[in-house]
>>> print(open('query-v7.cif').read())   # mmCIF, C-alpha atoms
data_final
#
loop_
_atom_site.label_atom_id
_atom_site.label_comp_id
_atom_site.auth_asym_id
_atom_site.auth_seq_id
_atom_site.Cartn_x
_atom_site.Cartn_y
_atom_site.Cartn_z
CA MET V 1 91.36 156.92 37.08
CA VAL V 2 93.30 153.97 35.73
CA VAL V 3 96.64 155.77 36.10
CA ASP V 4 95.94 156.48 39.78
CA ARG V 5 95.29 152.81 40.39
CA LEU V 6 98.61 152.03 38.71
CA VAL V 7 100.41 154.59 40.89
CA ALA V 8 98.74 153.14 43.99
CA ALA V 9 99.89 149.66 42.97
CA VAL V 10 103.50 150.76 42.47
CA ALA V 11 103.57 152.80 45.70
CA GLY V 12 101.97 149.94 47.61
CA ARG V 13 104.97 147.73 46.81
CA GLN V 14 107.31 150.48 48.08
CA PHE V 15 105.74 151.39 51.42
CA GLN V 16 103.64 154.09 49.68
CA VAL V 17 106.74 155.82 48.29
CA VAL V 18 107.05 156.59 44.59
CA ALA V 19 109.74 158.42 42.61
CA ARG V 20 109.16 160.99 39.89
CA VAL V 21 110.79 158.78 37.27
CA GLN V 22 108.27 156.07 38.10
CA LEU V 23 105.40 158.53 37.81
CA ASN V 24 106.76 159.67 34.45
CA ALA V 25 106.93 156.06 33.29
CA LEU V 26 103.24 155.69 34.17
CA GLY V 27 102.39 158.69 32.01
CA LEU V 28 102.27 161.45 34.63
CA GLU V 29 104.23 164.52 33.59
CA ARG V 30 104.97 167.64 35.66
CA GLY V 31 101.51 169.20 35.46
CA ALA V 32 99.72 165.96 36.34
CA ILE V 33 102.03 165.43 39.31
CA ARG V 34 101.44 168.98 40.58
CA SER V 35 97.68 168.42 40.26
CA ARG V 36 97.85 165.33 42.43
CA VAL V 37 99.97 167.15 44.98
CA ARG V 38 97.31 169.89 45.22
CA ARG V 39 94.58 167.27 45.61
CA GLY V 40 96.46 165.53 48.42
CA LEU V 41 97.11 162.31 46.51
CA LEU V 42 100.87 162.89 46.36
CA TYR V 43 102.89 164.46 49.17
CA PRO V 44 106.48 165.57 48.41
CA LEU V 45 109.11 164.05 50.71
CA TYR V 46 112.25 165.00 48.80
CA ASP V 47 112.93 166.51 45.40
CA GLY V 48 111.52 163.94 42.98
CA VAL V 49 110.24 161.59 45.70
CA TYR V 50 106.65 161.43 46.95
CA ILE V 51 104.42 159.46 49.26
CA TRP V 52 101.07 158.34 47.88
CA GLY V 53 97.78 158.79 49.73
CA GLN V 54 99.17 159.97 53.07
CA SER V 55 101.29 162.79 54.41
CA THR V 56 103.50 160.88 56.88
CA PRO V 57 105.71 157.96 55.83
CA THR V 58 106.40 154.94 58.01
CA PRO V 59 110.01 154.46 59.20
CA VAL V 60 110.53 152.00 56.34
CA GLY V 61 108.97 154.46 53.93
CA ARG V 62 111.37 157.18 55.11
CA ALA V 63 114.28 154.84 54.40
CA VAL V 64 112.99 154.00 50.91
CA ALA V 65 112.47 157.69 50.14
CA ALA V 66 115.96 158.64 51.34
CA VAL V 67 117.59 156.06 49.07
CA TYR V 68 115.51 157.16 46.08
CA ALA V 69 116.37 160.81 46.79
CA CYS V 70 120.10 160.07 46.66
CA GLY V 71 119.92 158.54 43.19
CA ASP V 72 121.38 155.49 41.50
CA GLY V 73 123.84 153.48 43.55
CA ALA V 74 122.65 154.84 46.90
CA VAL V 75 122.65 152.38 49.80
CA LEU V 76 121.09 152.59 53.26
CA THR V 77 123.91 152.31 55.81
CA ARG V 78 125.00 152.61 59.43
CA HIS V 79 122.26 153.39 61.97
CA ALA V 80 119.53 153.52 59.34
CA ALA V 81 120.51 150.04 58.15
CA ALA V 82 120.78 148.78 61.75
CA ALA V 83 117.18 149.87 62.38
CA ARG V 84 116.00 148.04 59.26
CA TRP V 85 117.79 144.86 60.40
CA ALA V 86 116.12 145.40 63.82
CA VAL V 87 119.37 145.26 65.78
CA ARG V 88 119.05 148.88 66.92
CA PRO V 89 116.01 151.00 67.80
CA GLU V 90 114.33 153.23 65.26
CA SER V 91 115.69 156.76 65.31
CA GLY V 92 113.97 159.95 64.33
CA ALA V 93 117.35 161.44 63.50
CA LEU V 94 119.05 161.77 60.13
CA ILE V 95 118.92 158.81 57.75
CA ASP V 96 122.34 157.39 56.82
CA VAL V 97 122.76 156.84 53.07
CA THR V 98 126.03 156.05 51.31
CA VAL V 99 126.63 157.03 47.68
CA ILE V 100 129.32 155.59 45.47
CA GLY V 101 132.10 157.82 44.15
CA ASP V 102 132.59 161.56 44.44
CA ARG V 103 128.98 162.62 43.95
CA ARG V 104 127.98 165.09 46.65
CA VAL V 105 124.54 164.85 48.23
CA ARG V 106 123.06 167.58 50.39
CA ILE V 107 119.47 166.83 51.32
CA ALA V 108 117.71 167.87 54.52
CA GLY V 109 117.01 164.89 56.75
CA ILE V 110 119.67 162.69 55.15
CA ARG V 111 123.21 162.13 56.45
CA PRO V 112 125.26 161.26 53.35
CA HIS V 113 128.41 159.15 53.32
CA ARG V 114 130.72 158.45 50.39
CA THR V 115 132.67 155.38 49.46
CA GLY V 116 134.74 154.17 46.55
CA GLY V 117 132.58 151.05 46.47
CA PHE V 118 131.39 148.08 48.46
CA SER V 119 132.35 144.44 48.12
CA VAL V 120 129.53 142.24 46.85
CA GLY V 121 129.36 140.52 50.23
CA ASP V 122 128.73 143.84 52.00
CA LEU V 123 125.40 144.54 50.29
CA ARG V 124 121.90 143.13 50.63
CA THR V 125 118.34 144.01 49.63
CA LEU V 126 115.63 144.01 52.30
CA HIS V 127 112.01 144.80 51.44
CA GLY V 128 113.30 146.21 48.17
CA ILE V 129 115.76 148.54 49.91
CA PRO V 130 119.48 148.29 49.03
CA LEU V 131 121.45 148.37 52.28
CA THR V 132 124.63 147.13 53.90
CA SER V 133 124.73 143.56 55.15
CA PRO V 134 124.17 142.92 58.88
CA ALA V 135 127.88 142.23 59.37
CA ARG V 136 129.00 145.39 57.55
CA THR V 137 126.34 147.41 59.39
CA LEU V 138 127.63 146.23 62.78
CA LEU V 139 131.17 147.07 61.74
CA ASP V 140 130.16 150.56 60.60
CA ILE V 141 128.28 151.48 63.81
CA ALA V 142 130.74 149.86 66.24
CA THR V 143 132.55 153.11 67.08
CA ASP V 144 129.28 154.95 67.76
CA LEU V 145 128.04 152.52 70.43
CA SER V 146 129.07 151.66 73.96
CA ALA V 147 130.41 148.14 74.53
CA HIS V 148 127.04 147.10 75.97
CA GLU V 149 125.06 148.60 73.07
CA LEU V 150 127.27 146.91 70.50
CA ALA V 151 127.04 143.60 72.37
CA THR V 152 123.25 143.84 72.43
CA ALA V 153 123.12 144.60 68.69
CA LEU V 154 125.46 141.69 67.99
CA GLU V 155 123.37 139.29 70.07
CA LEU V 156 120.16 140.35 68.33
CA ALA V 157 121.81 139.79 64.95
CA GLN V 158 122.96 136.33 66.03
CA ILE V 159 119.63 135.34 67.57
CA ASN V 160 117.80 136.36 64.41
CA LYS V 161 120.30 134.40 62.31
CA LEU V 162 121.51 137.49 60.46
CA VAL V 163 125.25 136.94 60.96
CA THR V 164 127.79 134.28 61.74
CA ARG V 165 131.20 134.68 63.30
CA SER V 166 132.89 133.83 59.99
CA GLU V 167 130.86 136.53 58.18
CA LEU V 168 131.90 139.13 60.72
CA GLU V 169 135.54 138.12 60.48
CA ALA V 170 135.44 138.15 56.66
CA THR V 171 133.76 141.55 56.63
CA SER V 172 136.43 142.95 58.94
CA GLU V 173 139.16 141.59 56.68
CA ARG V 174 137.59 143.26 53.64
CA ALA V 175 137.52 146.64 55.40
CA PRO V 176 141.02 147.13 56.85
CA GLY V 177 140.60 150.83 57.54
CA ARG V 178 137.31 150.75 59.43
CA ALA V 179 137.57 152.30 62.90
CA GLY V 180 135.04 149.85 64.35
CA LYS V 181 137.25 146.79 63.84
CA PRO V 182 138.92 146.80 67.30
CA ALA V 183 135.60 147.08 69.16
CA LEU V 184 133.98 144.31 67.13
CA ARG V 185 137.02 142.04 67.36
CA ALA V 186 137.18 142.53 71.14
CA LEU V 187 133.57 141.44 71.40
CA LEU V 188 134.13 138.36 69.24
CA ALA V 189 137.09 137.41 71.43
CA GLU V 190 135.04 137.65 74.63
CA PRO V 191 134.96 134.25 76.40
CA ALA V 192 131.74 132.45 77.23
CA PHE V 193 132.12 132.96 80.96
CA THR V 194 130.47 130.71 83.54
CA ARG V 195 128.11 132.07 86.14
CA SER V 196 130.45 131.01 88.94
CA ASP V 197 133.29 133.06 87.37
CA ALA V 198 131.03 136.10 87.23
CA GLU V 199 129.79 135.60 90.79
CA ARG V 200 133.33 135.48 92.18
CA ARG V 201 134.36 138.64 90.37
CA LEU V 202 131.19 140.50 91.35
CA ALA V 203 131.47 139.42 95.00
CA ALA V 204 135.06 140.69 95.12
CA LEU V 205 134.04 144.04 93.63
CA ILE V 206 131.19 144.40 96.11
CA ARG V 207 133.43 143.62 99.08
CA ALA V 208 136.06 146.10 97.89
CA ALA V 209 133.42 148.81 97.50
CA ARG V 210 131.83 147.91 100.87
CA LEU V 211 128.39 147.59 99.35
CA PRO V 212 125.60 145.41 100.77
CA ALA V 213 126.10 141.81 99.71
CA PRO V 214 123.47 140.33 97.39
CA VAL V 215 122.06 136.82 97.56
CA PHE V 216 123.30 134.72 94.65
CA ASN V 217 121.21 132.19 92.70
CA HIS V 218 118.02 133.05 94.55
CA ARG V 219 114.45 132.47 93.33
CA VAL V 220 112.41 135.61 92.85
CA GLU V 221 108.86 135.57 91.45
CA GLY V 222 109.35 132.00 90.27
CA PHE V 223 112.66 132.68 88.48
CA GLU V 224 116.20 131.96 89.60
CA VAL V 225 118.20 135.19 89.38
CA ASP V 226 121.96 135.55 89.43
CA ALA V 227 122.05 138.11 92.25
CA VAL V 228 119.40 140.01 94.19
CA TRP V 229 119.41 142.74 96.80
CA ARG V 230 116.11 141.85 98.44
CA ILE V 231 115.58 145.00 100.52
CA GLU V 232 116.34 147.35 97.62
CA LYS V 233 114.54 145.02 95.15
CA VAL V 234 117.43 145.15 92.68
CA VAL V 235 118.31 142.15 90.52
CA LEU V 236 121.53 141.72 88.57
CA GLU V 237 121.76 139.23 85.71
CA PHE V 238 124.93 138.18 83.90
CA ASP V 239 124.92 138.35 80.11
CA SER V 240 127.44 136.66 77.85
CA TYR V 241 127.42 137.75 74.23
CA ALA V 242 130.00 135.19 73.08
CA PHE V 243 127.80 133.77 70.32
CA HIS V 244 126.11 131.09 72.39
CA ALA V 245 122.67 132.62 72.92
CA THR V 246 119.54 131.03 71.50
CA ARG V 247 116.20 132.51 70.53
CA ALA V 248 114.54 130.56 73.38
CA ALA V 249 117.03 131.86 75.94
CA PHE V 250 116.61 135.42 74.69
CA ALA V 251 112.81 135.20 74.94
CA ARG V 252 113.01 133.63 78.41
CA ASP V 253 115.30 136.39 79.70
CA ARG V 254 112.98 139.11 78.41
CA ARG V 255 109.96 137.37 79.94
CA LYS V 256 111.80 137.14 83.26
CA ASP V 257 112.67 140.84 83.11
CA ALA V 258 109.03 141.73 82.47
CA VAL V 259 107.75 139.65 85.40
CA LEU V 260 110.35 141.06 87.78
CA SER V 261 109.64 144.61 86.65
CA ARG V 262 105.92 144.19 87.29
CA ALA V 263 106.76 142.93 90.78
CA GLY V 264 108.70 146.12 91.51
CA TYR V 265 112.25 144.85 90.89
CA LEU V 266 114.81 146.82 88.94
CA VAL V 267 116.83 144.51 86.68
CA LEU V 268 120.46 145.35 85.87
CA ARG V 269 122.59 143.38 83.42
CA ALA V 270 126.35 142.97 83.40
CA THR V 271 128.56 141.60 80.65
CA TRP V 272 131.95 139.92 80.92
CA HIS V 273 133.46 143.01 79.31
CA GLU V 274 132.06 145.20 82.10
CA LEU V 275 133.14 142.80 84.84
CA THR V 276 136.70 142.50 83.57
CA ARG V 277 137.46 145.74 81.71
CA GLU V 278 135.13 148.33 83.23
CA PRO V 279 134.70 147.06 86.82
CA TYR V 280 134.78 150.49 88.45
CA ALA V 281 132.08 151.83 86.15
CA LEU V 282 129.97 148.73 86.83
CA ILE V 283 130.31 148.89 90.61
CA ALA V 284 129.61 152.64 90.55
CA HIS V 285 126.41 151.95 88.62
CA ILE V 286 125.37 149.29 91.13
CA ALA V 287 126.15 151.56 94.07
CA GLU V 288 124.18 154.43 92.56
CA THR V 289 121.21 152.15 91.88
CA LEU V 290 121.21 150.73 95.40
CA ALA V 291 121.39 154.24 96.86
CA ARG V 292 118.41 155.40 94.79
CA ARG V 293 116.38 152.36 95.83
#
>>> encode(input="query-v7.cif", output="structure tokens")
Amino acid sequence: MVVDRLVAAVAGRQFQVVARVQLNALGLERGAIRSRVRRGLLYPLYDGVYIWGQSTPTPVGRAVAAVYACGDGAVLTRHAAAARWAVRPESGALIDVTVIGDRRVRIAGIRPHRTGGFSVGDLRTLHGIPLTSPARTLLDIATDLSAHELATALELAQINKLVTRSELEATSERAPGRAGKPALRALLAEPAFTRSDAERRLAALIRAARLPAPVFNHRVEGFEVDAVWRIEKVVLEFDSYAFHATRAAFARDRRKDAVLSRAGYLVLRATWHELTREPYALIAHIAETLARR
């Protein structure tokens, strides 16, 4: 039927998701929609939101459907937005959606948040989905992540040219009450440490803990690594997230990790934050890893 082709065209632009109001606009009323549900053409995801031609939405489709289900003014936020910006892994958990004003939303599978409104600079549209900007997303999830997780998300955002330091600072200024500000500001203030600085600090920690000494700046499997325990086959690499990484450096580090892993090495990574502010946790992690190996 012509109308089914029209529905397929609309859904195809929305990751196979279509809302009831769109179906109504195409001429499908309640009975026609129910008929297509029975025939397996439409599958209900939420009240008034369907997926066309399949029963399981993609992660992006789930996000689209959640925003549609929450009505006008709904915005994908927090961890759901971070997954869409590809700075955090996909999660099968609840989808974070923020609605404007006092409207209450209670929908299974959706974690609603409320706000009095966003600044224009805090919103974007990605693949047709309204969501918070990368900078606002990082600010919102900062309190939910460890220092290392937040640093990794920040580096991915920088490598993929999603944020700049000035955008992050401006976003923080626009949201004075956000709990994630201290964590994000601490990360932005982190110095771009040199490898020699890191080596000295790590060597001192290892001596104090009476752990086996690694070999520094040694070549393993064709790569120079920052530190290696050759018997245990453990490698430690120093990461600085002080906004100086490049896409090439990121790709090279991941390629190195893959080669070392295939050769039987376990690769650990340490940040300046861990070396200077969480040294006991870092050295305990190293000691535990060496013991297991």
>>> atom_distance(input="query-v7.cif", atom1="atom CA of V:Ile33", atom2="atom CA of V:Gly92")
28.3 Å
>>> closest_residue(input="query-v7.cif", among="V:Val259, V:Leu145, V:Arg178, V:Asp122", to="V:Val163", atoms="all atoms listed in the file")
V:Asp122
>>> atom_distance(input="query-v7.cif", atom1="atom CA of V:Val10", atom2="atom CA of V:Gln54")
14.7 Å
>>> atom_distance(input="query-v7.cif", atom1="atom CA of V:Glu90", atom2="atom CA of V:Thr137")
14.6 Å
>>> resolve_selection(input="query-v7.cif", expression="the PyMOL selection byres ((chain V and resi 80-86) around 10)", output="number ranges by chain")
V: 59-60, 62-63, 75-79, 87-97, 111, 126-127, 129-138, 140-141, 153, 156-157, 160, 162
>>> closest_residue(input="query-v7.cif", among="V:Arg210, V:Leu150, V:Val267, V:Val105", to="V:Lys181", atoms="all atoms listed in the file")
V:Leu150
>>> closest_residue(input="query-v7.cif", among="V:Tyr265, V:Phe238, V:Tyr68, V:Tyr43", to="V:Arg195", atoms="all atoms listed in the file")
V:Phe238
>>> residues_around(input="query-v7.cif", residues="V:Arg277", least_positions_apart="2", cutoff="12 Å", atoms="all atoms listed in the file", output="PyMOL selection string")
chain V and resi 147-148+186-187+190+201+270-275+279-283
>>> closest_residue(input="query-v7.cif", among="V:Ser35, V:Thr171, V:Ser261, V:Gln22", to="V:Leu139", atoms="all atoms listed in the file")
V:Thr171
>>> resolve_selection(input="query-v7.cif", expression="the PyMOL selection byres ((chain V and resi 65) around 8)", output="list in words")
Val17, Val18, Leu45, Tyr46, Val49, Tyr50, Gly61, Arg62, Ala63, Val64, Ala66, Val67, Tyr68 and Ala69 of chain V
>>> closest_residue(input="query-v7.cif", among="V:Thr276, V:Leu202, V:Pro214, V:Ala151", to="V:Leu184", atoms="all atoms listed in the file")
V:Ala151
>>> closest_residue(input="query-v7.cif", among="V:Val37, V:Ala291, V:Ala203, V:Ala209", to="V:Val234", atoms="all atoms listed in the file")
V:Ala291
